[in-house]
Structures are given as C-alpha cells and as structure tokens.
Amino acid sequence: MPSVGKSVPHDAALGHVTGQAPYLDDLRPLAGELIVGFVGSPVAAGELLGIDFAAAQAVPGVIACFTAADVPGRNMFGVITHDEPFLADGKLLYRGQPVVLIAAENAAALERARKLVCIEYRESTPILDVEESIRQKKFIGPLRRIARGDVNTTLAEAPHRLRGTFTSGGQEQFYLESQAAIAYPGEQGQIVVHSSTQNPTEIQALVAEMLGVGQHEVVCICKRMGGAFGGKESQAAIPAMMAALVASKTGRSARVIYNKDDDMRVTGKRHAYLSKWEVGFDDNGRIAALRVAYYSNGGISTDLSLAVMERTLLHTDNCYFLPVVELTGQVCFTNLPSNTAFRGFGGPQAMVVIENILQAIAEHRGLDAFDVRMRNLYGVGERNVTPYGQLFDRNHLPEIYATLAARSHYRTRRQEVTTFNRESRTHIRGLAMTGVKFGISFTTKFLNQGNALIHVYTDGTVQVSTGATEMGQGVNVKIRQLVADEFGIDVGRVMLMPTSTEKNINTSPTAASAGTDLNGAAAVKACREIKRRLRQFAAGRLADAAAGLTPSASHIQFREGHVRDSRRPQQRIEFGQLCAEARRERVDLGARGFYATPGVDFNRETGQGTPFFYFTQGAAVAEVLIDRFTGELSVPRVDLLIDIGRSLNPGVDHGQITGGFIQGMGWVTTEALIYDAKGELLSHSPTTYKIPAITDVPPIFNVATFENNDNTRNVYRSKAVGEPPLMLGIAVWAAARNALAYFSHEASTALRLPATGEELLRCITLGETELQQSLESVEAARSAGGIIATK
C-alpha cells in the first residue's frame, strides 16, 4: 500500500520520547577529547587593546588558549558578505562577542580559566536601537525598493488617508538543543565536523576558509538537530569554527556546546522592525495606495539580513491586492549579535504591518475588519498580479476566508463580543481573522536546487542521502515515504542517512520551507533512473514467449514489494530478488538525482520577477480575552484553515501547523527581548523569556486543511508547511488590537508587538487617560452650558 498521504510516524519519534535519539552532546567523547569554551567581550562597543590569558593557560587541565592571531586562514566570515569576525580582532562589536577560546580537558578547568582571562579595552558608545541607527545613518547594505504606480498622486487623491509607525520586536529561536559542534582531526590535516546545522555545505566552506585549506579537506555531518527554526542556518558557523580550530591546532577532538544562557546572549534572533506607513483608501476600506518604509535591526554584520528584508518587501501584500504601492527596506547596524533567519524569514514582519493597517482602516471607517479584508483580497482572474509582477494563480483565498468565516461562526461571535464588551467592567474581548499567502522558494535563485543519492541493495532495502537536514520537522520521513512509493515497497525498508557533505555536495540550507520540495524531488528523480534500468531488466525476466509476451519495459510495475508485468499481474518477482538478480547481471542499482526549481527568478535592481514557485495559503480566526486591570491575555479559541496541497504525511503536517501557529502566537504576545542600556540581554533564560506553555494553547483549537489537488508543479502535488502557519498567529495580535478598539481609539493605535501583559496594560492606561480627558471636556462644556456632540 502507498505510504504517501499516510501519517507514518516521525523517524525518531520513539527515540525522542525515550531519550534514545542521540544529539551531539550525547555522543561519547573520544580519548583525549577537549572541551572548548570562550571568553566574550565585556562591552557592546569598544577598542580591543590587549588580552592576557597567561593565568588561564596555567590552570591545570587547560591545554591551550587561542585568539584571532591564531587563525591560520580567514578570520572574517559571512553568508553573503565576509564582514563578521570569527574572533574579535581590534574592535569589540557586541557584548559576549568571542575574544578568546579556551580548550580544556574538563569542564571545571574550563570554567576556572574563563574567569582568569583579562581583556583590556577602551569602551565607546554603542548603537542599540534602530532609531539611533537611522539618526546616525549607520546602515548595512543598500536600500531595497519595490514599487508600482504613482504613489504620491494616488495617495493625494484617495478619499481617506492614514499614516503611522509600527514596531515589532525580535524573537529568540529557543531551540532545545543549543548550538553545538564536535570536530575530529584526520589524516593530512583533514577535519570532520559534526555540527548542529541547517547548512552543512556552508559549515564545510567556512571551516575550510578559516583553516586556510580546501573544501575537499573538510567534511560536515549532521544527523539531527534538536530544533533550529532558522537559528542554525548561519549561526552554527562560529561554534563549528571554534571546534575545528582547536582540533586542528591540538590534534585532538574538540567539543563546543553552548549553554542556554550563552546561546541566547550571543546568537542572532528574528529581526526587530520599525515600519513607517501611509495608506489611502475609499469609503468601503479598499486600499488605493500604500507606502511602507521598513527598517530592520541587523546587528553587527550582514548575515542573512538583506535576504530577510527582501522577503519582507515581497510579503507586504500578504493576501491583499495593492494597486499602487511603494515599499523600501533598509537594514540598520546595531551593536548586537547579528540577527538572522527565523521561521518566516522577514515575512511575519511584513504581514503584521498590512494586517495592522487593515485593522486601522476598519476602525477609522467604523467597519468590521473582516469585511475590509474580504474587499482587499486578491481576485481570481483579476486583481491578481503582485507588486513585484508575479501572477498569483491558483488563488484559493476568497474560498478559504469565506469557508473559515462560516465554520467559525464569525458573524455570530462578533455580535457576542460586542455585547460582552458593552456589559463587562473587568474584561474586554477581541475577534479577528487574518490570512497568509507565503511564497515558496529561495529568493536567491541558485539556492533552489537539491541533490539525492539512492542506494538499492540486493535484499531490496534502500539507503537515501540528501542535502536536507532533520531538525524535528519530519523531512526524513517524508522523503522515505516518497522513495518507498517510487519502488512500491514498505517505508520500513528505506533508511535516511545522516546528511554529509561527503555524499551530497554544494547543497542549499534546509530553509525557506523548501527542504522536502527540493530534496524530495531529487530523490524521486534518482529513484526513477534506477527504476528505468530495472524495468528494462525485469521486462526480459518476466517476458513469456510462449504466452506471446515480448519484453516491454512500459508494462513493468512496482507494487506491494513486488515487480510485475501489467499484462500478467499474477506473475511477479519480489523486489529484493529482482535487485539481487539485476546485480548479478551488472545492472547499476545506485543513482544520483538532481533537481532545480523551474521558472523562478527575481531581479533585485528592478524589484520585478517571479521569485516563488507557488504560494501556501490559509487563514485563522482568533478570539482573545484581556483583563482590564492586569493586562493578562488569554486565547480561548482559534479556528484555522490552511491549504497545503496533497499532504505527504498528515500527522507530521498537523504537528507543523499547530506548532507553527503557537510559535507565531508567542512572537506576537509573550516573547519579549529586553536589553539594558549597555546592550546586555536581560531575558536570556526561560525564567525571563516567555515562550508559550502548554497552558497557553487555546482550549478550543480547530485546525483543518483546505482540500486542494491543483499544485501539479510540486512533488506529489504537495505544498510546503514549515513556515506559513507561524504567520497565522498574527490573528491573535489583531484580535488584541480589536479588543482595545472597543475600549478606546488611543489604546488600539498604541499597541506594539509583542502584546505582552505589560504592553496591553500600557495601552489600556492610555485609553483610560483618553476617556478621562473626554469626560472632563464633556463636564466642562456642560458647566458652560455648551452643546455636546457625540458619536
């Protein structure tokens, strides 16, 4: 029976719950293996004047200390631009920036030595927020722009105009396994790095550059990660280079495992944004023109910030047609760790801006925001070209919105919310529907490629190696299902091997929700090449001259563990037997598959092109309850409907949908990154950084997929599911704004992201001040005998 479309358990499901699935720090240390730690910068900005590690190196058990002067190759690295130092050299750029590496034989010696390193510096004033970066014009990379039409004229002619500034905070990836790497020295200077990374090819390249050797002398292996969420796409580089440098210098294996506090302090996060917007619209709330200027907090180097900003510009429209638009994006320098990829990759920061604008339009016109959204949705056959010139076909948004509104009883509940808020003196409720239209593909064209290596053995079992990395999202089990169905065998007879640059070369990161799309398609191509050979062999093996059956490869079928000729289906050969016979006849049972996404391209200079292969679409309705006296927010109900095409594994996909939504809900409500005036992260542990707990999951959480079979472009008609659900969490923030709108206009327009209890209470207090001033004005007018006009 086919396994695609079935809820086959995750490869490591049993290992995860029993603790038997090994992560990097579970691997037994080799004899003589060293533990590696670092001493970081004590200031966010300054000049490095000197380093004294003599006392540290004298600690018993400490083998060596290393600085930038010990790097044999290139000390500067980066994904796009080599503008970030591996170890501080001359300048101190952020608190905790690695300055000195310490290699020790045990953890106690390492910790003692870290306290004995003396760093001499001259402190300077750091830039810690986007506003200051804008004032100083301290930017990273060029200004990016996407535009259509005459924005100035259309805004001037619009019946209504609004403008505002929106701020969204960053977010910690909070993977359970911290950054980790182990390096093993080999013969002739070779290095094997086991890294908790989404991007083994990048680790291979950066380690080679740092050591001053060729990429052929470095192998990077990743068996699994304990979560990543984008935080190990580029940020895994520094710990990998640390381990590799020590292993190269000492000839001993070296292990780097960040603790959670250090991990949160020194690694990049989701970019915080400052977004300045202006919109023109008609009486019914339909947008005529929109201008948004985005500024992101990039940290100290480029990292992936330019690509993140690019996706922000490409997702400002979200689900809505913008006839005239001007979008600009600028990455800002700050003295914080380089911010980086996080699930959604710039999309959430754009989508929350347009959803906030639609809420503002609805409040301004006295309309239900759901109706405003429906009027602005992309059309089918018209109003269906994005600001960057891509045709949005296969648009299911109008049907998704209408279906979800009916299923969630939106209209009835809106009346209930209004009645509740009229009567309650202690709480306010809010209700909102928001959507997602998330483009699937890397916006950098060359990354849209994948390769796979398939080995079929003579017992009919299969090993598969691809460039995809498993971080809990289930890419391995999905590829196993695809391969099993190609050969018509049980999924248990297919094994996914650890991802290794030795087997799969020049791979793209497992990111952009495209891991299964790229690597699964490559695996299928490799399978079909092997099947082509086996069909030719089996055609002769199953031919029956007496029965008039001449060899015909086109009639050979692979089903239920057997191979048969469809003209005589009762005559069949067990798959393993056929493989064994084929080998004896020198038939090649291995193949490499390569896949490149067709038709995608984007011109950054013109802001036009077709950057996406297709779009994953969906919507969510969220209801919130806010305590007026404490600001405490709860989410009693969420209804969600998402189009993921033909699901390869409904169980795994359901987990991605629910988990993604809750992670998005955390970003918009509870997860606040708090820094002090010196650039020190204060919320660097679970006690101070609040990710959603199981008690925060909505008691009523209705999750459904939109039945759709039209994504013929993609492998087995599936759609990507990793990132899009996160952005549906924006519905919770929109519902919070809606609740505040019932309270006062001042309260709703003041709301920032995340909508923490403190933030909600701040807005409520502003609203109470507004109401009090209004009441005082009324009373003064009455005392003077004036006439009061109220709405």
# chains A, B, ... in the order shown; residues from 1 in each chain; ligands from 1
call {"tool": "select_by_dssp", "arguments": {"residues": "segment 252-282 of chain A", "states": "alpha helix (DSSP H)", "output": "list in words"}}
result
Lys260, Asp261, Asp262, Asp263, Met264, Arg265 and Val266 of chain A
call {"tool": "write_last_selection", "arguments": {"atoms": "C-alpha atoms", "output": "compact mmCIF listing (two decimals), in the first residue's frame"}}
result
# COMPACT_ATOMS: atom_id res chain seq x y z
CA LYS A 260 21.28 28.18 27.09
CA ASP A 261 22.30 31.49 28.66
CA ASP A 262 25.35 31.94 26.43
CA ASP A 263 23.39 30.77 23.40
CA MET A 264 20.70 33.38 23.92
CA ARG A 265 23.20 36.13 24.72
CA VAL A 266 25.49 35.76 21.70
call {"tool": "residues_around", "arguments": {"residues": "Gly609 of chain A", "least_positions_apart": "4", "cutoff": "9 Å", "atoms": "only C-alpha atoms", "output": "ChimeraX atom specification"}}
result
/A:388-390,600-604
call {"tool": "residues_around", "arguments": {"residues": "Glu217 of chain A", "least_positions_apart": "4", "cutoff": "7 Å", "atoms": "only C-alpha atoms", "output": "list in words"}}
result
Gln190, Ile191 and Val213 of chain A
call {"tool": "select_by_dssp", "arguments": {"residues": "segment 647-788 of chain A", "states": "strand (DSSP E or B)", "output": "ChimeraX atom specification"}}
result
/A:675,681,700-705,718,753
call {"tool": "atom_distance", "arguments": {"atom1": "atom CA of Asp70 of chain A", "atom2": "atom CA of Asp52 of chain A"}}
result
14.5 Å
call {"tool": "residues_around", "arguments": {"residues": "Pro725 of chain A", "least_positions_apart": "6", "cutoff": "10 Å", "atoms": "only C-alpha atoms", "output": "PDB file with all heavy atoms, in the first residue's frame"}}
result
ATOM      1  N   ARG A 343      12.035  31.259  11.323  1.00  0.00           N
ATOM      2  CA  ARG A 343      10.826  30.776  10.661  1.00  0.00           C
ATOM      3  C   ARG A 343       9.935  31.925  10.162  1.00  0.00           C
ATOM      4  O   ARG A 343       9.390  32.694  10.940  1.00  0.00           O
ATOM      5  CB  ARG A 343      10.071  29.915  11.661  1.00  0.00           C
ATOM      6  CG  ARG A 343       9.021  28.997  11.091  1.00  0.00           C
ATOM      7  CD  ARG A 343       8.440  28.177  12.228  1.00  0.00           C
ATOM      8  NE  ARG A 343       7.668  27.037  11.780  1.00  0.00           N
ATOM      9  CZ  ARG A 343       7.188  26.099  12.598  1.00  0.00           C
ATOM     10  NH1 ARG A 343       7.419  26.185  13.904  1.00  0.00           N
ATOM     11  NH2 ARG A 343       6.490  25.096  12.123  1.00  0.00           N
ATOM     12  N   GLY A 344       9.812  32.026   8.859  1.00  0.00           N
ATOM     13  CA  GLY A 344       9.076  33.130   8.233  1.00  0.00           C
ATOM     14  C   GLY A 344       9.987  34.091   7.516  1.00  0.00           C
ATOM     15  O   GLY A 344       9.580  34.743   6.549  1.00  0.00           O
ATOM     16  N   GLY A 435      -4.865  36.352   7.394  1.00  0.00           N
ATOM     17  CA  GLY A 435      -4.512  35.296   6.457  1.00  0.00           C
ATOM     18  C   GLY A 435      -3.028  35.212   6.194  1.00  0.00           C
ATOM     19  O   GLY A 435      -2.223  35.979   6.734  1.00  0.00           O
ATOM     20  N   VAL A 436      -2.670  34.259   5.335  1.00  0.00           N
ATOM     21  CA  VAL A 436      -1.288  34.108   4.922  1.00  0.00           C
ATOM     22  C   VAL A 436      -1.254  33.679   3.456  1.00  0.00           C
ATOM     23  O   VAL A 436      -2.034  32.835   3.020  1.00  0.00           O
ATOM     24  CB  VAL A 436      -0.529  33.089   5.796  1.00  0.00           C
ATOM     25  CG1 VAL A 436      -1.123  31.691   5.684  1.00  0.00           C
ATOM     26  CG2 VAL A 436       0.952  33.031   5.427  1.00  0.00           C
ATOM     27  N   PHE A 438       2.111  32.767   1.521  1.00  0.00           N
ATOM     28  CA  PHE A 438       3.553  32.710   1.709  1.00  0.00           C
ATOM     29  C   PHE A 438       4.207  32.082   0.485  1.00  0.00           C
ATOM     30  O   PHE A 438       3.880  30.953   0.100  1.00  0.00           O
ATOM     31  CB  PHE A 438       3.892  31.899   2.961  1.00  0.00           C
ATOM     32  CG  PHE A 438       5.328  32.036   3.401  1.00  0.00           C
ATOM     33  CD1 PHE A 438       5.760  33.185   4.044  1.00  0.00           C
ATOM     34  CD2 PHE A 438       6.238  31.026   3.167  1.00  0.00           C
ATOM     35  CE1 PHE A 438       7.073  33.320   4.452  1.00  0.00           C
ATOM     36  CE2 PHE A 438       7.557  31.140   3.568  1.00  0.00           C
ATOM     37  CZ  PHE A 438       7.981  32.299   4.219  1.00  0.00           C
ATOM     38  N   THR A 616       1.728  28.961  -0.429  1.00  0.00           N
ATOM     39  CA  THR A 616       0.899  28.282   0.575  1.00  0.00           C
ATOM     40  C   THR A 616      -0.039  29.321   1.164  1.00  0.00           C
ATOM     41  O   THR A 616       0.393  30.419   1.536  1.00  0.00           O
ATOM     42  CB  THR A 616       1.760  27.639   1.664  1.00  0.00           C
ATOM     43  OG1 THR A 616       2.550  26.601   1.081  1.00  0.00           O
ATOM     44  CG2 THR A 616       0.899  27.040   2.762  1.00  0.00           C
ATOM     45  N   GLN A 617      -1.329  28.984   1.269  1.00  0.00           N
ATOM     46  CA  GLN A 617      -2.351  29.957   1.651  1.00  0.00           C
ATOM     47  C   GLN A 617      -3.166  29.450   2.840  1.00  0.00           C
ATOM     48  O   GLN A 617      -3.339  28.241   3.004  1.00  0.00           O
ATOM     49  CB  GLN A 617      -3.298  30.192   0.474  1.00  0.00           C
ATOM     50  CG  GLN A 617      -2.593  30.562  -0.822  1.00  0.00           C
ATOM     51  CD  GLN A 617      -3.445  30.312  -2.040  1.00  0.00           C
ATOM     52  OE1 GLN A 617      -4.608  30.716  -2.094  1.00  0.00           O
ATOM     53  NE2 GLN A 617      -2.889  29.624  -3.036  1.00  0.00           N
ATOM     54  N   GLY A 618      -3.681  30.377   3.629  1.00  0.00           N
ATOM     55  CA  GLY A 618      -4.517  29.974   4.755  1.00  0.00           C
ATOM     56  C   GLY A 618      -5.064  31.172   5.497  1.00  0.00           C
ATOM     57  O   GLY A 618      -4.808  32.329   5.140  1.00  0.00           O
ATOM     58  N   ALA A 619      -5.830  30.894   6.545  1.00  0.00           N
ATOM     59  CA  ALA A 619      -6.414  31.953   7.375  1.00  0.00           C
ATOM     60  C   ALA A 619      -6.689  31.401   8.760  1.00  0.00           C
ATOM     61  O   ALA A 619      -6.811  30.181   8.952  1.00  0.00           O
ATOM     62  CB  ALA A 619      -7.694  32.498   6.750  1.00  0.00           C
ATOM     63  N   ALA A 620      -6.782  32.306   9.723  1.00  0.00           N
ATOM     64  CA  ALA A 620      -7.091  31.919  11.100  1.00  0.00           C
ATOM     65  C   ALA A 620      -7.997  32.964  11.727  1.00  0.00           C
ATOM     66  O   ALA A 620      -7.868  34.165  11.458  1.00  0.00           O
ATOM     67  CB  ALA A 620      -5.817  31.765  11.922  1.00  0.00           C
ATOM     68  N   LEU A 640      -8.574  27.526  12.370  1.00  0.00           N
ATOM     69  CA  LEU A 640      -7.512  27.672  11.373  1.00  0.00           C
ATOM     70  C   LEU A 640      -7.811  26.788  10.178  1.00  0.00           C
ATOM     71  O   LEU A 640      -8.211  25.634  10.326  1.00  0.00           O
ATOM     72  CB  LEU A 640      -6.185  27.284  12.029  1.00  0.00           C
ATOM     73  CG  LEU A 640      -4.865  27.433  11.282  1.00  0.00           C
ATOM     74  CD1 LEU A 640      -3.727  27.549  12.297  1.00  0.00           C
ATOM     75  CD2 LEU A 640      -4.598  26.243  10.373  1.00  0.00           C
ATOM     76  N   LEU A 641      -7.615  27.350   8.980  1.00  0.00           N
ATOM     77  CA  LEU A 641      -7.809  26.602   7.736  1.00  0.00           C
ATOM     78  C   LEU A 641      -6.653  26.936   6.805  1.00  0.00           C
ATOM     79  O   LEU A 641      -6.405  28.098   6.506  1.00  0.00           O
ATOM     80  CB  LEU A 641      -9.138  26.987   7.085  1.00  0.00           C
ATOM     81  CG  LEU A 641      -9.506  26.271   5.768  1.00  0.00           C
ATOM     82  CD1 LEU A 641      -9.648  24.770   5.982  1.00  0.00           C
ATOM     83  CD2 LEU A 641     -10.812  26.856   5.200  1.00  0.00           C
ATOM     84  N   ILE A 642      -5.929  25.897   6.348  1.00  0.00           N
ATOM     85  CA  ILE A 642      -4.735  26.145   5.543  1.00  0.00           C
ATOM     86  C   ILE A 642      -4.662  25.170   4.372  1.00  0.00           C
ATOM     87  O   ILE A 642      -5.010  23.996   4.497  1.00  0.00           O
ATOM     88  CB  ILE A 642      -3.463  26.056   6.423  1.00  0.00           C
ATOM     89  CG1 ILE A 642      -2.226  26.500   5.643  1.00  0.00           C
ATOM     90  CG2 ILE A 642      -3.281  24.669   7.009  1.00  0.00           C
ATOM     91  CD1 ILE A 642      -1.001  26.747   6.521  1.00  0.00           C
ATOM     92  N   GLN A 656       3.297  20.399  12.349  1.00  0.00           N
ATOM     93  CA  GLN A 656       3.903  21.632  11.865  1.00  0.00           C
ATOM     94  C   GLN A 656       2.924  22.800  11.916  1.00  0.00           C
ATOM     95  O   GLN A 656       3.290  23.922  12.265  1.00  0.00           O
ATOM     96  CB  GLN A 656       4.409  21.445  10.435  1.00  0.00           C
ATOM     97  CG  GLN A 656       5.647  20.582  10.317  1.00  0.00           C
ATOM     98  CD  GLN A 656       6.863  21.250  10.921  1.00  0.00           C
ATOM     99  OE1 GLN A 656       7.385  22.234  10.398  1.00  0.00           O
ATOM    100  NE2 GLN A 656       7.323  20.732  12.042  1.00  0.00           N
ATOM    101  N   ILE A 657       1.666  22.534  11.583  1.00  0.00           N
ATOM    102  CA  ILE A 657       0.656  23.598  11.568  1.00  0.00           C
ATOM    103  C   ILE A 657       0.387  24.104  12.979  1.00  0.00           C
ATOM    104  O   ILE A 657       0.422  25.314  13.241  1.00  0.00           O
ATOM    105  CB  ILE A 657      -0.645  23.093  10.910  1.00  0.00           C
ATOM    106  CG1 ILE A 657      -0.408  22.815   9.422  1.00  0.00           C
ATOM    107  CG2 ILE A 657      -1.772  24.114  11.081  1.00  0.00           C
ATOM    108  CD1 ILE A 657      -1.526  22.028   8.762  1.00  0.00           C
ATOM    109  N   THR A 658       0.128  23.186  13.903  1.00  0.00           N
ATOM    110  CA  THR A 658      -0.191  23.618  15.269  1.00  0.00           C
ATOM    111  C   THR A 658       1.030  24.232  15.942  1.00  0.00           C
ATOM    112  O   THR A 658       0.931  25.277  16.602  1.00  0.00           O
ATOM    113  CB  THR A 658      -0.718  22.435  16.103  1.00  0.00           C
ATOM    114  OG1 THR A 658       0.249  21.369  16.077  1.00  0.00           O
ATOM    115  CG2 THR A 658      -2.029  21.924  15.557  1.00  0.00           C
ATOM    116  N   GLY A 659       2.198  23.605  15.765  1.00  0.00           N
ATOM    117  CA  GLY A 659       3.403  24.151  16.382  1.00  0.00           C
ATOM    118  C   GLY A 659       3.774  25.501  15.815  1.00  0.00           C
ATOM    119  O   GLY A 659       4.170  26.411  16.555  1.00  0.00           O
ATOM    120  N   GLY A 660       3.657  25.645  14.494  1.00  0.00           N
ATOM    121  CA  GLY A 660       3.968  26.926  13.878  1.00  0.00           C
ATOM    122  C   GLY A 660       3.050  28.032  14.366  1.00  0.00           C
ATOM    123  O   GLY A 660       3.494  29.153  14.644  1.00  0.00           O
ATOM    124  N   PHE A 661       1.756  27.718  14.463  1.00  0.00           N
ATOM    125  CA  PHE A 661       0.814  28.736  14.936  1.00  0.00           C
ATOM    126  C   PHE A 661       1.164  29.175  16.350  1.00  0.00           C
ATOM    127  O   PHE A 661       1.183  30.380  16.655  1.00  0.00           O
ATOM    128  CB  PHE A 661      -0.621  28.200  14.894  1.00  0.00           C
ATOM    129  CG  PHE A 661      -1.633  29.194  15.398  1.00  0.00           C
ATOM    130  CD1 PHE A 661      -2.216  30.102  14.542  1.00  0.00           C
ATOM    131  CD2 PHE A 661      -1.970  29.257  16.743  1.00  0.00           C
ATOM    132  CE1 PHE A 661      -3.121  31.051  15.007  1.00  0.00           C
ATOM    133  CE2 PHE A 661      -2.876  30.192  17.225  1.00  0.00           C
ATOM    134  CZ  PHE A 661      -3.451  31.090  16.348  1.00  0.00           C
ATOM    135  N   ILE A 662       1.431  28.227  17.236  1.00  0.00           N
ATOM    136  CA  ILE A 662       1.719  28.573  18.624  1.00  0.00           C
ATOM    137  C   ILE A 662       3.005  29.377  18.719  1.00  0.00           C
ATOM    138  O   ILE A 662       3.117  30.318  19.515  1.00  0.00           O
ATOM    139  CB  ILE A 662       1.803  27.299  19.491  1.00  0.00           C
ATOM    140  CG1 ILE A 662       0.433  26.601  19.529  1.00  0.00           C
ATOM    141  CG2 ILE A 662       2.255  27.636  20.909  1.00  0.00           C
ATOM    142  CD1 ILE A 662      -0.685  27.436  20.118  1.00  0.00           C
ATOM    143  N   GLN A 663       4.005  29.035  17.898  1.00  0.00           N
ATOM    144  CA  GLN A 663       5.236  29.821  17.902  1.00  0.00           C
ATOM    145  C   GLN A 663       4.972  31.247  17.428  1.00  0.00           C
ATOM    146  O   GLN A 663       5.529  32.210  17.977  1.00  0.00           O
ATOM    147  CB  GLN A 663       6.286  29.148  17.017  1.00  0.00           C
ATOM    148  CG  GLN A 663       7.678  29.737  17.173  1.00  0.00           C
ATOM    149  CD  GLN A 663       8.728  28.907  16.475  1.00  0.00           C
ATOM    150  OE1 GLN A 663       8.583  28.561  15.310  1.00  0.00           O
ATOM    151  NE2 GLN A 663       9.805  28.589  17.182  1.00  0.00           N
ATOM    152  N   GLY A 664       4.116  31.390  16.419  1.00  0.00           N
ATOM    153  CA  GLY A 664       3.741  32.729  15.979  1.00  0.00           C
ATOM    154  C   GLY A 664       2.969  33.481  17.042  1.00  0.00           C
ATOM    155  O   GLY A 664       3.167  34.685  17.241  1.00  0.00           O
TER     156      GLY A 664
END
call {"tool": "closest_residue", "arguments": {"among": "A:Gly212, A:Gly141, A:Gly474, A:Gly170", "to": "Asn649 of chain A", "atoms": "only C-alpha atoms"}}
result
A:Gly474
call {"tool": "closest_atom_pairs", "arguments": {"of": "segment 638-743 of chain A", "to": "segment 516-520 of chain A", "cutoff": "8 Å", "atoms": "only C-alpha atoms", "output": "CSV"}}
result
residue,atom,partner,partner_atom,distance
A:Asn714,CA,A:Asp517,CA,6.8
A:Val715,CA,A:Asp517,CA,6.3
A:Lys719,CA,A:Asp517,CA,7.9
A:Ala720,CA,A:Asp517,CA,7.3
call {"tool": "closest_residue", "arguments": {"among": "A:His82, A:Leu101, A:Gln330, A:Leu34", "to": "Ala56 of chain A", "atoms": "only C-alpha atoms"}}
result
A:Leu101
call {"tool": "closest_atom_pairs", "arguments": {"of": "segment 269-343 of chain A", "to": "segment 370-378 of chain A", "cutoff": "7 Å", "atoms": "only C-alpha atoms", "output": "tab-separated table"}}
result
residue	atom	partner	partner_atom	distance
A:Gly285	CA	A:Val372	CA	5.5
A:Arg286	CA	A:Asn376	CA	5.7
A:Ile287	CA	A:Asn376	CA	6.8
A:Cys319	CA	A:Leu377	CA	5.7
A:Tyr320	CA	A:Leu377	CA	4.3
A:Phe321	CA	A:Tyr378	CA	4.9
call {"tool": "residues_around", "arguments": {"residues": "Leu304 of chain A", "least_positions_apart": "6", "cutoff": "7 Å", "atoms": "only C-alpha atoms", "output": "list in words"}}
result
Val79, Ile80, Thr340 and Ala341 of chain A
call {"tool": "residues_around", "arguments": {"residues": "Ala108 of chain A", "least_positions_apart": "3", "cutoff": "12 Å", "atoms": "only C-alpha atoms", "output": "count of residues only"}}
result
15
call {"tool": "residues_around", "arguments": {"residues": "Arg95 of chain A", "least_positions_apart": "6", "cutoff": "10 Å", "atoms": "only C-alpha atoms", "output": "list in words"}}
result
Gly40, Ser41, Pro42, Val43, Ala44, Ala45, Arg265, Val266, Asn335, Leu336, Pro337, Lys678, Gly679, Glu680 and Leu681 of chain A
call {"tool": "closest_residue", "arguments": {"among": "A:Arg541, A:Ile400, A:Thr749, A:Pro551", "to": "Asp643 of chain A", "atoms": "only C-alpha atoms"}}
result
A:Ile400
call {"tool": "closest_residue", "arguments": {"among": "A:Gly78, A:Gly73, A:Gly169, A:Gly460", "to": "Leu211 of chain A", "atoms": "only C-alpha atoms"}}
result
A:Gly73
